[in-house]
$ cat final_30.txt   # compact mmCIF, C-alpha atoms
# COMPACT_ATOMS: atom_id res chain seq x y z
CA PHE J 1 26.23 -5.98 -21.76
CA ILE J 2 25.46 -4.96 -18.17
CA GLN J 3 24.82 -7.09 -15.09
CA PRO J 4 21.01 -7.26 -14.76
CA LYS J 5 20.65 -6.76 -11.01
CA HIS J 6 22.55 -4.86 -8.33
CA GLN J 7 21.91 -4.85 -4.57
CA ILE J 8 23.50 -2.49 -2.05
CA SER J 9 22.91 -1.37 1.54
CA VAL J 10 23.53 2.28 2.39
CA ARG J 11 23.37 4.06 5.76
CA GLU J 12 20.85 6.89 5.87
CA ASN J 13 23.49 9.40 7.00
CA ILE J 14 25.69 9.03 3.88
CA PRO J 15 26.02 12.59 2.48
CA ALA J 16 24.76 13.68 -0.93
CA GLY J 17 27.46 13.49 -3.59
CA THR J 18 28.75 10.09 -2.40
CA ARG J 19 29.37 7.37 -4.99
CA ILE J 20 27.54 4.31 -3.67
CA LEU J 21 27.82 1.81 -6.54
CA SER J 22 29.48 1.22 -9.91
CA LEU J 23 27.53 -0.40 -12.75
CA PRO J 24 30.18 -2.43 -14.64
CA THR J 25 29.69 -3.45 -18.26
CA ASN J 26 31.45 -6.04 -20.39
CA ARG J 27 32.69 -3.22 -22.62
CA PRO J 28 35.39 -1.49 -20.57
CA GLY J 29 36.91 0.10 -23.69
CA GLU J 30 33.63 1.83 -24.49
CA ARG J 31 32.99 3.38 -21.07
CA ASN J 32 33.22 6.91 -22.48
CA ASN J 33 30.58 6.14 -25.11
CA LEU J 34 27.82 4.70 -22.93
CA HIS J 35 24.82 6.76 -21.85
CA TYR J 36 22.98 5.94 -18.59
CA THR J 37 19.43 6.95 -17.65
CA ILE J 38 17.39 6.25 -14.50
CA LEU J 39 13.91 5.31 -15.72
CA GLU J 40 11.89 6.22 -12.60
CA ASP J 41 11.54 9.98 -12.18
CA ASP J 42 10.88 9.79 -8.43
CA GLN J 43 14.14 7.88 -7.91
CA ALA J 44 16.08 10.26 -10.17
CA ALA J 45 15.46 12.82 -7.42
CA TYR J 46 17.67 10.70 -5.10
CA PHE J 47 20.25 9.22 -7.48
CA GLU J 48 22.15 10.08 -10.64
CA ILE J 49 24.47 8.06 -12.87
CA GLY J 50 27.88 9.46 -13.71
CA GLN J 51 29.37 9.08 -17.20
CA TYR J 52 31.29 5.95 -16.18
CA GLY J 53 28.29 4.19 -14.63
CA ASP J 54 28.78 5.35 -11.05
CA VAL J 55 25.58 5.63 -9.00
CA ILE J 56 25.82 8.87 -7.04
CA LEU J 57 23.58 9.98 -4.20
CA LYS J 58 21.88 13.30 -5.05
CA LYS J 59 19.79 13.63 -1.91
CA GLN J 60 20.34 12.20 1.57
CA LEU J 61 18.24 9.12 2.32
CA ASP J 62 15.84 8.85 5.27
CA PHE J 63 15.02 5.43 6.74
CA GLU J 64 11.96 6.85 8.52
CA LYS J 65 10.45 7.86 5.16
CA LEU J 66 11.57 5.02 2.85
CA VAL J 67 13.50 1.87 3.74
CA ARG J 68 14.16 0.70 0.17
CA HIS J 69 14.73 2.37 -3.20
CA ASN J 70 14.27 0.29 -6.37
CA PHE J 71 14.90 1.65 -9.85
CA HIS J 72 15.96 0.66 -13.36
CA VAL J 73 18.86 2.05 -15.36
CA LYS J 74 18.92 2.02 -19.16
CA VAL J 75 22.34 1.89 -20.86
CA VAL J 76 22.74 2.86 -24.52
CA ASP J 77 25.92 2.51 -26.59
CA GLU J 78 27.06 4.39 -29.73
CA GLN J 79 25.26 1.90 -31.99
CA LEU J 80 22.03 2.55 -30.02
CA ASN J 81 22.10 -0.93 -28.53
CA GLU J 82 20.50 -0.78 -25.13
CA ALA J 83 20.25 -2.84 -21.97
CA THR J 84 18.50 -2.36 -18.65
CA CYS J 85 19.51 -3.27 -15.12
CA GLN J 86 17.71 -3.12 -11.80
CA VAL J 87 19.23 -1.40 -8.75
CA ASN J 88 17.94 -2.12 -5.24
CA VAL J 89 19.17 0.18 -2.47
CA GLU J 90 18.38 -0.84 1.11
CA VAL J 91 18.51 2.08 3.57
CA LEU J 92 20.12 1.27 6.93
CA ASN J 93 18.70 3.03 9.97
CA ILE J 94 20.91 5.34 12.02
CA ASN J 95 19.86 6.47 15.48
CA ASP J 96 19.63 10.17 14.69
CA TRP J 97 16.94 11.39 17.11
CA ASP J 98 17.09 12.06 20.82
CA PRO J 99 13.93 11.22 22.76
CA ARG J 100 11.77 14.31 23.29
CA PHE J 101 9.51 14.93 26.28
CA ARG J 102 6.11 16.51 25.68
CA GLU J 103 6.78 19.05 28.47
CA SER J 104 9.97 20.85 29.49
CA HIS J 105 9.06 20.60 33.21
CA TYR J 106 6.45 18.43 34.93
CA ARG J 107 4.56 19.36 38.12
CA PHE J 108 2.38 16.89 40.00
CA ARG J 109 0.47 17.05 43.28
CA LEU J 110 0.98 14.47 46.00
CA PRO J 111 -1.88 13.45 48.33
CA ALA J 112 -2.59 15.35 51.54
CA LYS J 113 -1.36 14.09 54.91
CA SER J 114 -4.00 14.98 57.48
CA SER J 115 -2.13 13.28 60.31
CA ILE J 116 1.23 11.72 60.97
CA ASN J 117 -0.41 8.29 61.26
CA GLU J 118 -2.26 8.47 57.95
CA SER J 119 -1.28 5.91 55.40
CA TYR J 120 -2.53 5.63 51.83
CA SER J 121 -2.62 2.64 49.55
CA VAL J 122 0.72 2.19 47.77
CA PRO J 123 1.84 1.79 45.11
CA MET J 124 -0.24 4.71 43.83
CA ALA J 125 0.01 6.46 40.43
CA VAL J 126 0.94 10.13 40.96
CA GLY J 127 1.71 11.38 37.45
CA ARG J 128 2.85 10.51 33.97
CA VAL J 129 5.60 11.83 31.68
CA GLU J 130 5.44 11.35 27.91
CA ALA J 131 8.35 11.08 25.48
CA ALA J 132 8.60 10.24 21.78
CA ASP J 133 11.46 9.34 19.46
CA GLY J 134 11.68 10.01 15.73
CA ASP J 135 13.67 6.85 14.98
CA ALA J 136 11.57 3.99 13.62
CA GLY J 137 11.40 1.02 15.97
CA ASP J 138 13.11 2.71 18.90
CA LYS J 139 11.80 1.77 22.35
CA ILE J 140 12.06 4.27 25.20
CA ASN J 141 12.97 3.37 28.77
CA PHE J 142 12.48 5.75 31.67
CA ASN J 143 14.29 6.17 34.97
CA LEU J 144 14.18 8.58 37.90
CA ARG J 145 16.99 10.09 39.92
CA GLY J 146 17.28 12.51 42.78
CA VAL J 147 17.44 12.52 46.58
CA HIS J 148 13.92 11.09 46.95
CA SER J 149 13.90 8.86 43.85
CA ALA J 150 13.81 5.69 46.00
CA LEU J 151 10.25 6.62 47.04
CA PHE J 152 9.07 6.39 43.44
CA SER J 153 9.19 4.10 40.44
CA ILE J 154 8.44 4.71 36.75
CA ASP J 155 7.15 2.15 34.25
CA SER J 156 7.66 1.76 30.50
CA ARG J 157 4.64 3.99 29.76
CA GLY J 158 6.10 6.87 31.80
CA MET J 159 3.66 6.38 34.68
CA ILE J 160 5.18 7.43 38.02
CA TRP J 161 4.22 5.43 41.11
CA LEU J 162 4.58 6.38 44.75
CA LYS J 163 6.03 3.28 46.44
CA GLU J 164 5.99 4.35 50.10
CA PRO J 165 3.85 6.61 52.32
CA LEU J 166 5.30 10.09 52.81
CA GLN J 167 4.64 10.66 56.55
CA ASN J 168 8.30 11.32 57.33
CA ILE J 169 8.84 13.86 54.55
CA GLN J 170 8.83 17.40 55.93
CA LYS J 171 9.28 19.27 52.66
CA SER J 172 6.43 20.91 50.75
CA GLU J 173 8.03 20.04 47.39
CA LEU J 174 10.12 17.16 46.10
CA SER J 175 12.33 17.41 43.02
CA LEU J 176 13.34 14.56 40.72
CA ILE J 177 14.85 14.17 37.26
CA ALA J 178 13.19 11.87 34.70
CA THR J 179 15.40 10.49 31.92
CA ALA J 180 14.17 8.88 28.69
CA THR J 181 16.69 6.63 26.90
CA ASP J 182 16.10 5.13 23.46
CA SER J 183 17.33 1.83 21.99
CA GLY J 184 20.47 3.53 20.68
CA GLN J 185 21.34 4.87 24.15
CA ARG J 186 20.52 8.49 23.30
CA SER J 187 18.81 10.18 26.22
CA THR J 188 17.05 13.36 27.35
CA SER J 189 16.10 14.50 30.86
CA VAL J 190 13.46 16.79 32.37
CA PRO J 191 12.86 18.08 35.92
CA ILE J 192 9.80 16.94 37.88
CA THR J 193 8.41 18.82 40.87
CA PHE J 194 6.00 17.11 43.27
CA VAL J 195 3.96 19.57 45.32
CA MET J 196 2.75 18.17 48.64
CA ASP J 197 -0.89 18.96 49.43
CA PRO J 198 -1.18 20.49 52.93
$ encode --input "final_30.txt" --output "structure tokens"
Amino acid sequence: FIQPKHQISVRENIPAGTRILSLPTNRPGERNNLHYTILEDDQAAYFEIGQYGDVILKKQLDFEKLVRHNFHVKVVDEQLNEATCQVNVEVLNINDWDPRFRESHYRFRLPAKSSINESYSVPMAVGRVEAADGDAGDKINFNLRGVHSALFSIDSRGMIWLKEPLQNIQKSELSLIATATDSGQRSTSVPITFVMDP
């Protein structure tokens, strides 16, 4: 007297207390007299069934922990007739994490310039920034900005490369901003200071 299988997709940011599904029976006149039970204890921590067969979220879902919840519901009527149905809940990922850099400020040393005519081999790796994202499957892209950002490039691993010799730079320090952007276009930035060896 109940449909044997139910499938629903739910975003992970749906708040607890939300009704996500109704389990209809072919006995609408007996709705007050039906008793519903979730058979899997671990899933009963996330869901409950209201007296009219509504599946209600008890605890917010987390795609990064579990992408699918499967459980069975037993329905019993006044005559102790019972039926069971299966409920499959697919959790939809929401981009809920900003990228996070390992350091709040990066400092790197740049090679010494012993003479104005000295030239080193470029491109040359001069430092690396690291960032992580808590969202499953997110890819992080990096970029650099600042007055001297054209002298540098940054790759997908966060490695920073010096693209041109620095003979014409008179400063003892160069400042840039590194930005990490995830697949959902959330981003975080950190300052980078390059200290020029004398």
$ closest_residue --input "final_30.txt" --among "J:Leu23, J:Ile2, J:Ala180, J:Ile94" --to "Asn81 (chain J)" --atoms "all atoms listed in the file"
J:Ile2
$ atom_distance --input "final_30.txt" --atom1 "CA of Ser187 (chain J)" --atom2 "CA of Glu173 (chain J)"
25.7 Å
$ atom_distance --input "final_30.txt" --atom1 "CA of Asp62 (chain J)" --atom2 "CA of Arg102 (chain J)"
23.9 Å
$ closest_residue --input "final_30.txt" --among "J:Lys5, J:Val76, J:Ala125, J:Asp135" --to "Phe63 (chain J)" --atoms "all atoms listed in the file"
J:Asp135
$ closest_residue --input "final_30.txt" --among "J:Gly127, J:Pro191, J:Gly184, J:Gly146" --to "Arg109 (chain J)" --atoms "only C-alpha atoms"
J:Gly127
$ closest_residue --input "final_30.txt" --among "J:Gln86, J:Leu144, J:Gln3, J:Ile56" --to "Leu39 (chain J)" --atoms "all atoms listed in the file"
J:Gln86
$ atom_distance --input "final_30.txt" --atom1 "CA of Asn95 (chain J)" --atom2 "CA of Arg128 (chain J)"
25.4 Å
$ residues_near_point --input "final_30.txt" --point "(12.3, 15.7, 34.8)" --cutoff "6 Å" --atoms "all atoms listed in the file" --output "number ranges by chain"
J: 177-178, 189-192
$ write_last_selection --input "final_30.txt" --atoms "C-alpha atoms" --output "short mmCIF file (atom, residue, chain, number, x, y, z; two decimals), in the coordinates of the input"
data_model
loop_
_atom_site.label_atom_id
_atom_site.label_comp_id
_atom_site.auth_asym_id
_atom_site.auth_seq_id
_atom_site.Cartn_x
_atom_site.Cartn_y
_atom_site.Cartn_z
CA ILE J 177 14.85 14.17 37.26
CA ALA J 178 13.19 11.87 34.70
CA SER J 189 16.10 14.50 30.86
CA VAL J 190 13.46 16.79 32.37
CA PRO J 191 12.86 18.08 35.92
CA ILE J 192 9.80 16.94 37.88
#
$ closest_residue --input "final_30.txt" --among "J:Met196, J:Ile20, J:Ala131, J:Val75" --to "Gln7 (chain J)" --atoms "all atoms listed in the file"
J:Ile20
$ closest_residue --input "final_30.txt" --among "J:Ser183, J:Ser175, J:Asn141, J:Gln43" --to "Val87 (chain J)" --atoms "all atoms listed in the file"
J:Gln43
$ residues_around --input "final_30.txt" --residues "Ser153 (chain J)" --least-positions-apart "3" --cutoff "8 Å" --atoms "all atoms listed in the file" --output "list of chain:residue names"
J:Asn143, J:Leu144, J:Ser149, J:Ala150, J:Ile160, J:Trp161, J:Leu162, J:Lys163
$ residues_around --input "final_30.txt" --residues "Val195 (chain J)" --least-positions-apart "2" --cutoff "10 Å" --atoms "only C-alpha atoms" --output "MDAnalysis selection string"
chainID J and resid 107:112 171:175 192:193 197:198
$ residues_around --input "final_30.txt" --residues "Asn33 (chain J)" --least-positions-apart "4" --cutoff "9 Å" --atoms "all atoms listed in the file" --output "list in words"
Gly29, Gln51, Tyr52, Val76, Asp77 and Glu78 of chain J
$ residues_around --input "final_30.txt" --residues "Val91 (chain J)" --least-positions-apart "6" --cutoff "12 Å" --atoms "only C-alpha atoms" --output "MDAnalysis selection string"
chainID J and resid 7:14 20 60:70
$ build_atoms --input "final_30.txt" --residues "region 86-110 of chain J" --atoms "N, CA and C atoms" --output "PDB file, in the coordinates of the input"
ATOM      1  N   GLN J  86      18.476  -3.528 -12.972  1.00  0.00           N
ATOM      2  CA  GLN J  86      17.710  -3.120 -11.800  1.00  0.00           C
ATOM      3  C   GLN J  86      18.674  -2.845 -10.653  1.00  0.00           C
ATOM      4  N   VAL J  87      18.414  -1.754  -9.921  1.00  0.00           N
ATOM      5  CA  VAL J  87      19.230  -1.400  -8.750  1.00  0.00           C
ATOM      6  C   VAL J  87      18.318  -1.352  -7.528  1.00  0.00           C
ATOM      7  N   ASN J  88      18.682  -2.099  -6.508  1.00  0.00           N
ATOM      8  CA  ASN J  88      17.940  -2.120  -5.240  1.00  0.00           C
ATOM      9  C   ASN J  88      18.845  -1.545  -4.147  1.00  0.00           C
ATOM     10  N   VAL J  89      18.394  -0.465  -3.536  1.00  0.00           N
ATOM     11  CA  VAL J  89      19.170   0.180  -2.470  1.00  0.00           C
ATOM     12  C   VAL J  89      18.393   0.030  -1.162  1.00  0.00           C
ATOM     13  N   GLU J  90      18.977  -0.704  -0.226  1.00  0.00           N
ATOM     14  CA  GLU J  90      18.380  -0.840   1.110  1.00  0.00           C
ATOM     15  C   GLU J  90      18.945   0.258   2.000  1.00  0.00           C
ATOM     16  N   VAL J  91      18.079   0.977   2.684  1.00  0.00           N
ATOM     17  CA  VAL J  91      18.510   2.080   3.570  1.00  0.00           C
ATOM     18  C   VAL J  91      18.672   1.526   4.983  1.00  0.00           C
ATOM     19  N   LEU J  92      19.841   1.739   5.570  1.00  0.00           N
ATOM     20  CA  LEU J  92      20.120   1.270   6.930  1.00  0.00           C
ATOM     21  C   LEU J  92      19.833   2.383   7.931  1.00  0.00           C
ATOM     22  N   ASN J  93      19.113   2.044   8.973  1.00  0.00           N
ATOM     23  CA  ASN J  93      18.700   3.030   9.970  1.00  0.00           C
ATOM     24  C   ASN J  93      19.880   3.464  10.835  1.00  0.00           C
ATOM     25  N   ILE J  94      19.946   4.753  11.089  1.00  0.00           N
ATOM     26  CA  ILE J  94      20.910   5.340  12.020  1.00  0.00           C
ATOM     27  C   ILE J  94      20.114   6.013  13.126  1.00  0.00           C
ATOM     28  N   ASN J  95      20.560   5.833  14.357  1.00  0.00           N
ATOM     29  CA  ASN J  95      19.860   6.470  15.480  1.00  0.00           C
ATOM     30  C   ASN J  95      20.189   7.958  15.474  1.00  0.00           C
ATOM     31  N   ASP J  96      19.307   8.753  14.841  1.00  0.00           N
ATOM     32  CA  ASP J  96      19.630  10.170  14.690  1.00  0.00           C
ATOM     33  C   ASP J  96      18.681  11.097  15.437  1.00  0.00           C
ATOM     34  N   TRP J  97      17.860  10.555  16.321  1.00  0.00           N
ATOM     35  CA  TRP J  97      16.940  11.390  17.110  1.00  0.00           C
ATOM     36  C   TRP J  97      17.138  11.124  18.594  1.00  0.00           C
ATOM     37  N   ASP J  98      17.172  12.194  19.364  1.00  0.00           N
ATOM     38  CA  ASP J  98      17.090  12.060  20.820  1.00  0.00           C
ATOM     39  C   ASP J  98      15.619  11.929  21.199  1.00  0.00           C
ATOM     40  N   PRO J  99      15.323  11.207  22.273  1.00  0.00           N
ATOM     41  CA  PRO J  99      13.930  11.220  22.760  1.00  0.00           C
ATOM     42  C   PRO J  99      13.539  12.651  23.130  1.00  0.00           C
ATOM     43  N   ARG J 100      12.256  12.961  22.964  1.00  0.00           N
ATOM     44  CA  ARG J 100      11.770  14.310  23.290  1.00  0.00           C
ATOM     45  C   ARG J 100      10.573  14.189  24.225  1.00  0.00           C
ATOM     46  N   PHE J 101      10.639  14.887  25.351  1.00  0.00           N
ATOM     47  CA  PHE J 101       9.510  14.930  26.280  1.00  0.00           C
ATOM     48  C   PHE J 101       8.466  15.906  25.767  1.00  0.00           C
ATOM     49  N   ARG J 102       7.199  15.614  26.082  1.00  0.00           N
ATOM     50  CA  ARG J 102       6.110  16.510  25.680  1.00  0.00           C
ATOM     51  C   ARG J 102       6.202  17.853  26.403  1.00  0.00           C
ATOM     52  N   GLU J 103       6.650  17.823  27.667  1.00  0.00           N
ATOM     53  CA  GLU J 103       6.780  19.050  28.470  1.00  0.00           C
ATOM     54  C   GLU J 103       8.244  19.278  28.834  1.00  0.00           C
ATOM     55  N   SER J 104       8.599  20.543  29.075  1.00  0.00           N
ATOM     56  CA  SER J 104       9.970  20.850  29.490  1.00  0.00           C
ATOM     57  C   SER J 104      10.132  20.761  31.010  1.00  0.00           C
ATOM     58  N   HIS J 105       9.027  20.723  31.744  1.00  0.00           N
ATOM     59  CA  HIS J 105       9.060  20.600  33.210  1.00  0.00           C
ATOM     60  C   HIS J 105       7.691  20.056  33.622  1.00  0.00           C
ATOM     61  N   TYR J 106       7.699  19.036  34.463  1.00  0.00           N
ATOM     62  CA  TYR J 106       6.450  18.430  34.930  1.00  0.00           C
ATOM     63  C   TYR J 106       6.221  18.793  36.385  1.00  0.00           C
ATOM     64  N   ARG J 107       4.951  19.108  36.727  1.00  0.00           N
ATOM     65  CA  ARG J 107       4.560  19.360  38.120  1.00  0.00           C
ATOM     66  C   ARG J 107       3.362  18.475  38.440  1.00  0.00           C
ATOM     67  N   PHE J 108       3.468  17.757  39.549  1.00  0.00           N
ATOM     68  CA  PHE J 108       2.380  16.890  40.000  1.00  0.00           C
ATOM     69  C   PHE J 108       2.092  17.158  41.467  1.00  0.00           C
ATOM     70  N   ARG J 109       0.849  16.897  41.874  1.00  0.00           N
ATOM     71  CA  ARG J 109       0.470  17.050  43.280  1.00  0.00           C
ATOM     72  C   ARG J 109       0.504  15.687  43.952  1.00  0.00           C
ATOM     73  N   LEU J 110       0.986  15.685  45.183  1.00  0.00           N
ATOM     74  CA  LEU J 110       0.980  14.470  46.000  1.00  0.00           C
ATOM     75  C   LEU J 110      -0.154  14.559  47.010  1.00  0.00           C
TER      76      LEU J 110
END
